[in-house]
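Okay, so here's the structure we're looking at.
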Amino acid sequence: LTFSWPMWIGGLLTVFIFTIDDFFVGTFAGTTLLGLYTVAYTMMKRPTQVVTHVLNRTWLPVYARLQTDRASLSALYNVMLFWVTQLTIPISVVLALVAPELIQCLLGERWLGSATMMRILVVYAIARSIQDDMMNLLMALGHVRAILRVQWLEAFMMIGGGAAAGWAFGALGVCWALNAMMLVGLVVLVPLLRRFVDLQLLEIFGAALAGSGIAAIVSGWLVPADWFGAHPWGQLLGKTLTFLIVYSLTQVGLNRRRLTAKWTLLIQLRKGG
């Protein structure tokens, strides 16, 4: 019960935290903007769903087996967090970059209002992918009460900040409140994780953030838009392909040895586990 009841309460808090934003948007901005917000939120949580959650299910039992070996656990966790960031950061940034074209191609022009919210929620998309990965480690180590404390903090932040921001700035304010909540959660989680693993934060985040920023500038601003044609599909594919090429080149230039080393270490740890 000491393990299960905090997980049960934490599950309820997770549902609360990630649904009360809809209530605030609907209350302060109306149902039309709620529809646009729902589209933006759904798009920007995809990196967490398709990358972090899949990897978490695979590696949680391995974390649990290594919990008494700090060196091995630190090595494995840094590798996993490295690959989470290498995937989720560029996916999140490219989704924000091509948001207008993506919405227009998939849903039509009447949903274009979602694009601005998607671009604001890029912070949420990146932070949630990382936060869920950090909480997964704490769960594997049995520290569910620590997770619960972070969730309570985020719930109170969303109640106060979400309501205030929604009242003052409408749907966009709720987007920024969600971003702030996730960032504060990360700030709280990092020292908690340092009790159990040695985090290499600059090595993990530096190249992915720098590469995504450079790729976004090149594909979004430096490359002339007319290179990709006037049709939204051409713009969508052209910007996405340019982003991926530039991002890949930056990682080869900035991170080649580290990428090779992390991949090799991941395979070794997987075989050893």
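Residues are named by chain letter and number: chains run A, B, ... in the order of the structure tokens, numbers start at 1 in each chain, and ligands are numbered from 1 in the order shown.
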
Each residue of stretch 129-208 of chain A with at least one atom at most 12 Å from stretch 228-250 of chain A should appear once, together with its nearest atom pair and the corresponding distance in Å (one decimal); atoms considered: only C-alpha atoms; ordering: chain, then increasing residue number; output as CSV.
residue,atom,partner,partner_atom,distance
A:Gly206,CA,A:Thr250,CA,11.5
A:Ala207,CA,A:Thr250,CA,7.9
A:Ala208,CA,A:Tyr247,CA,8.4

Take the residues that were just selected and, keeping N, CA, C and O atoms, output them as a PDB file, in the first residue's frame.
ATOM      1  N   GLY A 206      23.005  19.944 -24.700  1.00  0.00           N
ATOM      2  CA  GLY A 206      23.660  21.000 -25.455  1.00  0.00           C
ATOM      3  C   GLY A 206      23.544  20.884 -26.956  1.00  0.00           C
ATOM      4  O   GLY A 206      23.044  21.790 -27.642  1.00  0.00           O
ATOM      5  N   ALA A 207      24.000  19.765 -27.511  1.00  0.00           N
ATOM      6  CA  ALA A 207      24.031  19.622 -28.968  1.00  0.00           C
ATOM      7  C   ALA A 207      22.628  19.556 -29.566  1.00  0.00           C
ATOM      8  O   ALA A 207      22.381  20.093 -30.650  1.00  0.00           O
ATOM      9  N   ALA A 208      21.696  18.898 -28.868  1.00  0.00           N
ATOM     10  CA  ALA A 208      20.330  18.781 -29.394  1.00  0.00           C
ATOM     11  C   ALA A 208      19.653  20.147 -29.461  1.00  0.00           C
ATOM     12  O   ALA A 208      18.979  20.478 -30.449  1.00  0.00           O
TER      13      ALA A 208
END

Between A:Leu186, A:Leu66, A:Leu193, A:Leu199, smallest distance to A:Ile130 by only C-alpha atoms belongs to A:Leu186

In terms of only C-alpha atoms, the residue from A:Trp5, A:Tyr77, A:Phe82, A:Tyr124 at minimal distance from A:Met43 is A:Tyr124

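Computed from the coordinates, the atom CA of A:Thr27 to atom CA of A:Trp8 distance equals 28.3 Å.
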
| said: Can you pull out the residues contacting A:Thr38? Cut-off 8 Å, using only C-alpha atoms, and skip same-chain residues under 4 positions away; I want them as a PyMOL selection string. | reply: chain A and resi 22+34+42

Between A:Arg119, A:Gln251, A:Ile89, A:Ala177, smallest distance to A:Gly160 by only C-alpha atoms belongs to A:Ala177

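Checking A:Asp132, A:Glu101, A:Glu109, A:Asp69 one by one against A:Lys45, counting only C-alpha atoms, you find the shortest gap at A:Asp132.
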
Closest of A:Thr58, A:Ser129, A:Thr32, A:Thr19 to A:Gln86, counting only C-alpha atoms, is A:Ser129

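Distance annotation: of A:Leu87, A:Ile20, A:Leu192, A:Leu209, the residue with the minimal separation from A:Ile159 is A:Ile20; atom set is only C-alpha atoms.
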
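Distance-wise, atom CA of A:Leu97 and atom CA of A:Met117 end up 11.7 Å apart.
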
Residues flagged alpha helix (DSSP H) by DSSP in stretch 37-226 of chain A, as an NGL selection string = :A and (37-44 or 46-47 or 53-65 or 70-97 or 99-106 or 114-120 or 122-140 or 144-157 or 163-194 or 201-217)

Self-check item: A:Ala146 surroundings by only C-alpha atoms, 12 Å radius, close-in-sequence under 4 positions cut, as a ChimeraX atom specification
Solution: /A:3,6-7,10,134-139,141-142,150-153,185,188-193,195

Write to file, as a compact mmCIF listing (two decimals), in the first residue's frame, the residues of the selection just made, with N, CA and C atoms.
# COMPACT_ATOMS: atom_id res chain seq x y z
N PHE A 3 3.37 1.81 -1.61
CA PHE A 3 3.78 2.09 -2.99
C PHE A 3 2.58 2.39 -3.87
N PRO A 6 0.33 6.13 -3.34
CA PRO A 6 0.87 7.33 -4.00
C PRO A 6 0.76 7.26 -5.53
N MET A 7 0.90 6.04 -6.10
CA MET A 7 0.74 5.90 -7.54
C MET A 7 -0.69 6.20 -7.96
N GLY A 10 -1.17 9.88 -7.65
CA GLY A 10 -0.40 10.50 -8.72
C GLY A 10 -1.09 10.37 -10.06
N MET A 134 12.26 11.41 -16.44
CA MET A 134 12.82 11.52 -15.09
C MET A 134 11.92 10.84 -14.06
N MET A 135 10.62 11.05 -14.19
CA MET A 135 9.69 10.41 -13.26
C MET A 135 9.71 8.90 -13.41
N ASN A 136 9.94 8.41 -14.62
CA ASN A 136 10.02 6.98 -14.84
C ASN A 136 11.18 6.37 -14.05
N LEU A 137 12.31 7.07 -14.02
CA LEU A 137 13.44 6.59 -13.24
C LEU A 137 13.10 6.54 -11.75
N LEU A 138 12.51 7.61 -11.24
CA LEU A 138 12.14 7.64 -9.82
C LEU A 138 11.14 6.52 -9.49
N MET A 139 10.22 6.25 -10.40
CA MET A 139 9.27 5.16 -10.18
C MET A 139 9.98 3.81 -10.13
N LEU A 141 12.90 3.23 -9.18
CA LEU A 141 13.67 3.13 -7.94
C LEU A 141 12.78 3.10 -6.70
N GLY A 142 11.46 3.19 -6.91
CA GLY A 142 10.53 3.10 -5.80
C GLY A 142 10.24 4.40 -5.08
N VAL A 150 6.13 16.40 -6.51
CA VAL A 150 6.26 17.23 -7.71
C VAL A 150 4.90 17.44 -8.36
N GLN A 151 4.10 16.40 -8.41
CA GLN A 151 2.77 16.50 -9.03
C GLN A 151 1.86 17.44 -8.25
N TRP A 152 1.94 17.41 -6.91
CA TRP A 152 1.15 18.35 -6.12
C TRP A 152 1.56 19.79 -6.42
N LEU A 153 2.87 20.02 -6.51
CA LEU A 153 3.36 21.36 -6.84
C LEU A 153 2.82 21.81 -8.19
N GLY A 185 8.62 22.02 -12.77
CA GLY A 185 8.71 20.60 -12.45
C GLY A 185 10.09 20.04 -12.75
N VAL A 188 12.68 21.18 -10.17
CA VAL A 188 12.54 20.43 -8.91
C VAL A 188 13.06 19.00 -9.07
N LEU A 189 12.83 18.39 -10.23
CA LEU A 189 13.21 17.00 -10.43
C LEU A 189 14.71 16.78 -10.52
N VAL A 190 15.43 17.73 -11.11
CA VAL A 190 16.87 17.53 -11.33
C VAL A 190 17.62 17.24 -10.03
N PRO A 191 17.47 18.05 -8.97
CA PRO A 191 18.19 17.70 -7.72
C PRO A 191 17.71 16.39 -7.10
N LEU A 192 16.45 16.03 -7.31
CA LEU A 192 15.97 14.74 -6.81
C LEU A 192 16.70 13.60 -7.49
N LEU A 193 16.87 13.71 -8.81
CA LEU A 193 17.55 12.65 -9.54
C LEU A 193 19.03 12.58 -9.19
N ARG A 195 20.37 12.61 -6.49
CA ARG A 195 20.60 11.76 -5.32
C ARG A 195 20.91 10.32 -5.73

Polymer residues at most 9 Å from A:Met182, only C-alpha atoms, same-chain spacing of 4 or more positions, as a compact mmCIF listing (two decimals) with C-alpha atoms, in the first residue's frame:
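Once written, selection-v4.txt looks like this:
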# COMPACT_ATOMS: atom_id res chain seq x y z
CA VAL A 123 8.45 24.41 -24.43
CA TYR A 124 5.80 22.10 -22.97
CA ALA A 127 9.87 19.65 -21.03
CA ARG A 128 7.19 16.99 -20.71
CA GLN A 131 10.02 15.16 -17.17
CA GLU A 154 2.42 21.28 -10.51
CA ALA A 177 1.10 28.67 -17.76
CA LEU A 178 1.47 25.08 -18.94
CA LEU A 186 12.02 19.99 -14.23
CA VAL A 187 13.87 22.35 -11.91

Original post:
Which neighbours of stretch 60-65 of chain A fall inside 12 Å, counting only C-alpha atoms, when residues of the same chain fewer than 5 positions from it are skipped, and could you give them as a PyMOL selection string?
Top reply: chain A and resi 52-55+70-78+80+132-143+196-197+266+269-273
